[in-house]
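Structure file model-v7.cif (mmCIF, C-alpha atoms) follows.
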```cif
data_query
#
loop_
_atom_site.group_PDB
_atom_site.id
_atom_site.type_symbol
_atom_site.label_atom_id
_atom_site.label_comp_id
_atom_site.auth_asym_id
_atom_site.auth_seq_id
_atom_site.Cartn_x
_atom_site.Cartn_y
_atom_site.Cartn_z
ATOM 1 C CA MET A 16 6.876 -9.804 -6.528
ATOM 2 C CA ALA A 17 10.363 -8.406 -6.725
ATOM 3 C CA ARG A 18 12.663 -9.185 -3.865
ATOM 4 C CA THR A 19 13.225 -5.480 -3.081
ATOM 5 C CA GLU A 20 9.490 -4.797 -2.978
ATOM 6 C CA SER A 21 8.991 -7.757 -0.632
ATOM 7 C CA LYS A 22 11.605 -6.351 1.742
ATOM 8 C CA GLN A 23 9.986 -2.909 1.587
ATOM 9 C CA ARG A 24 6.587 -4.357 2.468
ATOM 10 C CA ARG A 25 8.002 -6.255 5.439
ATOM 11 C CA GLY A 26 9.854 -3.153 6.548
ATOM 12 C CA ALA A 27 6.717 -1.050 6.248
ATOM 13 C CA ARG A 28 4.972 -3.384 8.647
ATOM 14 C CA ARG A 29 7.707 -3.452 11.248
ATOM 15 C CA SER A 30 6.742 -1.373 14.279
ATOM 16 C CA ARG A 31 8.667 1.784 15.012
ATOM 17 C CA ARG A 32 7.633 1.575 18.668
ATOM 18 C CA SER A 33 8.536 -0.757 21.490
ATOM 19 C CA LYS A 34 6.148 -3.404 22.791
ATOM 20 C CA ALA A 35 5.730 -1.344 25.984
ATOM 21 C CA GLN A 36 4.784 1.774 23.998
ATOM 22 C CA LEU A 37 2.274 -0.193 21.938
ATOM 23 C CA ASP A 38 0.850 -1.775 25.107
ATOM 24 C CA GLN A 39 0.320 1.751 26.517
ATOM 25 C CA LEU A 40 -1.517 2.887 23.394
ATOM 26 C CA VAL A 41 -3.718 -0.215 23.420
ATOM 27 C CA ALA A 42 -4.466 0.284 27.130
ATOM 28 C CA ARG A 43 -5.425 3.905 26.456
ATOM 29 C CA ALA A 44 -7.778 2.919 23.627
ATOM 30 C CA THR A 45 -9.387 -0.008 25.437
ATOM 31 C CA ALA A 46 -9.564 1.334 28.997
ATOM 32 C CA ASP A 47 -13.357 1.131 29.301
ATOM 33 C CA ALA A 48 -13.919 -1.675 26.820
ATOM 34 C CA PHE A 49 -15.408 -5.053 27.627
ATOM 35 C CA GLY A 50 -14.752 -7.794 25.140
ATOM 36 C CA GLU A 51 -13.036 -7.904 21.790
ATOM 37 C CA SER A 52 -15.696 -5.950 19.887
ATOM 38 C CA GLU A 53 -15.575 -2.975 22.255
ATOM 39 C CA GLN A 54 -11.771 -3.068 22.281
ATOM 40 C CA ARG A 55 -11.702 -2.950 18.465
ATOM 41 C CA THR A 56 -14.186 -0.057 18.532
ATOM 42 C CA GLY A 57 -11.946 1.784 21.002
ATOM 43 C CA LEU A 58 -8.950 1.336 18.709
ATOM 44 C CA PHE A 59 -11.018 2.429 15.697
ATOM 45 C CA THR A 60 -12.066 5.561 17.585
ATOM 46 C CA MET A 61 -8.420 6.431 18.265
ATOM 47 C CA LEU A 62 -7.540 5.820 14.605
ATOM 48 C CA GLU A 63 -10.444 7.979 13.502
ATOM 49 C CA GLY A 64 -9.384 10.796 15.807
ATOM 50 C CA HIS A 65 -5.615 10.713 15.217
ATOM 51 C CA LEU A 66 -4.773 9.318 11.781
ATOM 52 C CA GLU A 67 -3.999 12.147 9.361
ATOM 53 C CA LEU A 68 -5.962 11.574 6.173
ATOM 54 C CA PRO A 69 -5.631 11.489 3.257
ATOM 55 C CA PHE A 70 -2.213 9.946 2.683
ATOM 56 C CA ALA A 71 -0.533 8.233 -0.227
ATOM 57 C CA ALA A 72 0.246 4.519 -0.043
ATOM 58 C CA ARG A 73 1.180 1.706 -2.378
ATOM 59 C CA VAL A 74 -1.101 -1.329 -2.510
ATOM 60 C CA LEU A 75 0.015 -4.280 -4.653
ATOM 61 C CA GLY A 76 2.445 -1.998 -6.451
ATOM 62 C CA VAL A 77 -0.205 0.602 -7.283
ATOM 63 C CA HIS A 78 -0.188 4.131 -5.889
ATOM 64 C CA VAL A 79 -3.420 4.912 -4.048
ATOM 65 C CA LEU A 80 -4.780 7.627 -1.809
ATOM 66 C CA VAL A 81 -6.043 6.465 1.579
ATOM 67 C CA GLU A 82 -9.024 8.748 2.054
ATOM 68 C CA ALA A 83 -10.834 7.308 5.067
ATOM 69 C CA ILE A 84 -11.081 4.418 7.469
ATOM 70 C CA ASP A 85 -14.166 2.441 8.353
ATOM 71 C CA LEU A 86 -15.328 -0.218 10.768
ATOM 72 C CA THR A 87 -17.288 -2.830 8.841
ATOM 73 C CA GLN A 88 -20.318 -4.665 10.175
ATOM 74 C CA ALA A 89 -18.080 -7.730 10.354
ATOM 75 C CA GLY A 90 -15.873 -5.833 12.822
ATOM 76 C CA GLU A 91 -12.913 -5.281 10.494
ATOM 77 C CA ILE A 92 -11.100 -1.943 10.344
ATOM 78 C CA VAL A 93 -10.479 -1.063 6.703
ATOM 79 C CA ALA A 94 -8.808 1.743 4.788
ATOM 80 C CA ILE A 95 -10.814 3.270 1.948
ATOM 81 C CA CYS A 96 -8.287 3.577 -0.896
ATOM 82 C CA ARG A 97 -8.863 5.443 -4.138
ATOM 83 C CA ARG A 98 -7.067 5.546 -7.469
ATOM 84 C CA GLY A 99 -8.743 7.735 -10.043
ATOM 85 C CA ARG A 100 -12.427 6.816 -10.042
ATOM 86 C CA SER A 101 -11.863 3.377 -8.536
ATOM 87 C CA TRP A 102 -11.829 2.649 -4.825
ATOM 88 C CA GLN A 103 -11.333 -0.391 -2.657
ATOM 89 C CA ARG A 104 -11.470 -1.310 1.015
ATOM 90 C CA VAL A 105 -8.180 -2.719 2.252
ATOM 91 C CA PRO A 106 -7.925 -4.291 5.711
ATOM 92 C CA ILE A 107 -5.785 -1.931 7.767
ATOM 93 C CA LEU A 108 -3.861 -4.963 9.025
ATOM 94 C CA GLU A 109 -2.647 -5.480 5.434
ATOM 95 C CA LEU A 110 -2.129 -1.841 4.423
ATOM 96 C CA PRO A 111 1.542 -1.065 3.716
ATOM 97 C CA LEU A 112 2.438 2.240 5.335
ATOM 98 C CA PRO A 113 4.455 4.792 3.400
ATOM 99 C CA THR A 114 7.821 6.108 4.531
ATOM 100 C CA PRO A 115 7.546 8.382 6.356
ATOM 101 C CA PRO A 116 4.228 7.220 7.803
ATOM 102 C CA PRO A 117 1.337 9.664 8.183
ATOM 103 C CA GLY A 118 0.695 11.401 11.475
ATOM 104 C CA GLY A 119 -1.189 9.145 13.845
ATOM 105 C CA ALA A 120 0.226 5.942 12.304
ATOM 106 C CA GLU A 121 1.163 4.815 15.798
ATOM 107 C CA TRP A 122 -2.524 3.874 16.186
ATOM 108 C CA ILE A 123 -2.264 1.543 13.187
ATOM 109 C CA GLU A 124 0.770 -0.019 14.858
ATOM 110 C CA ALA A 125 -1.171 -0.312 18.138
ATOM 111 C CA TYR A 126 -4.089 -1.982 16.362
ATOM 112 C CA ARG A 127 -1.758 -4.417 14.611
ATOM 113 C CA HIS A 128 -0.085 -5.181 17.947
ATOM 114 C CA TRP A 129 -3.471 -5.758 19.607
ATOM 115 C CA ALA A 130 -4.575 -8.019 16.735
ATOM 116 C CA GLY A 131 -1.323 -10.005 16.850
ATOM 117 C CA ALA A 132 -0.504 -9.080 13.242
ATOM 118 C CA PRO A 133 3.136 -9.226 12.076
#
```

Rewrite the structure from the file as structure tokens, please.
Amino acid sequence: MARTESKQRRGARRSRRSKAQLDQLVARATADAFGESEQRTGLFTMLEGHLELPFAARVLGVHVLVEAIDLTQAGEIVAICRRGRSWQRVPILELPLPTPPPGGAEWIEAYRHWAGAP
């Protein structure tokens, strides 16, 4: 991977919000949740309701269209990415966000914060 691309990926993951702002979003999403599974479902619900889809992204150097998000039976939130006729599920914790990010991307940041992802 090129050095510039590596820096872009790290930069795309860096939160644009403070820890306090992310804590507030997480609290809002998980207010009535008991346990990790219900908290994740609360965050997924906020993503589903606020994330503006579709949006363009770049996954492993390839341009894709993020068309949907899903909560797998294993409890992982994934982005459904398409390129032409091919599609793939990409864990939302690993999805590089475009610049500027889509509307509602603060919920991806909140989920990453909750999950302890970099």

query = Do you have the atom CA of Met61 of chain A-atom CA of Ala42 of chain A distance handy?
reply = 11.5 Å

inquiry  = With all atoms listed in the file as the counted atoms, please give the residues lying no more than 9 Å from Gly90 of chain A, apart from itself and same-chain residues fewer than 6 positions off, as a list in words.
reply    =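 My reading of the contact set: Ser52, Arg55 and Thr56 of chain A.
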
query = Which neighbours of Ala72 of chain A fall inside 6 Å, counting only C-alpha atoms, when residues of the same chain fewer than 5 positions from it are skipped, and could you give them as a list in words?
reply = His78, Val79 and Pro113 of chain A

ask   = What do you get, as a list in words, if you spell out every residue that the PyMOL selection byres ((chain A and resi 96) around 10) selects here?
value =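 After applying the PyMOL selection byres ((chain A and resi 96) around 10), what remains is Pro69, Phe70, Ala71, Ala72, Arg73, Val74, His78, Val79, Leu80, Val81, Glu82, Ala83, Ile84, Val93, Ala94, Ile95, Arg97, Arg98, Ser101, Trp102, Gln103, Arg104, Val105 and Leu110 of chain A.
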
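When the distance limit is 10 Å and all atoms listed in the file are what count, the residues near Leu62 of chain A, minus those fewer than 2 positions from it on the same chain, are A:Ala44, A:Thr56, A:Gly57, A:Leu58, A:Phe59, A:Thr60, A:Gly64, A:His65, A:Leu66, A:Glu67, A:Ile84, A:Asp85, A:Ile92, A:Gly119, A:Ala120, A:Glu121, A:Trp122, A:Ile123, A:Ala125, A:Tyr126.
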
query = What separation in Å, quoted to one decimal, exists between atom CA of Gln36 of chain A and atom CA of Gln88 of chain A?
reply =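 For atom CA of Gln36 of chain A relative to atom CA of Gln88 of chain A, the distance reads 29.4 Å.
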
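With atom CA of Arg127 of chain A on one side and atom CA of Gly76 of chain A on the other, the separation reads 21.6 Å.
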
request  = Would you mind telling me which residue in A:Glu63, A:Glu91, A:Pro133, A:Val77 lies nearest to Gly118 of chain A when using only C-alpha atoms?
outcome  = A:Glu63

ask   = Looking at all atoms listed in the file, which of A:Gly131, A:Leu75, A:Leu86, A:Ala35 is the one that sits closest to Glu53 of chain A?
value = A:Leu86

How big is the axis-aligned box, and where does its centre sit, when it encloses all atoms of segment 109-118 of chain A listed in the file and has 3 Å added on every side, reported in Å to one decimal as lines of an AutoDock Vina configuration file?
```
center_x = 2.6
center_y = 3.0
center_z = 7.4
size_x = 16.5
size_y = 22.9
size_z = 14.1
```
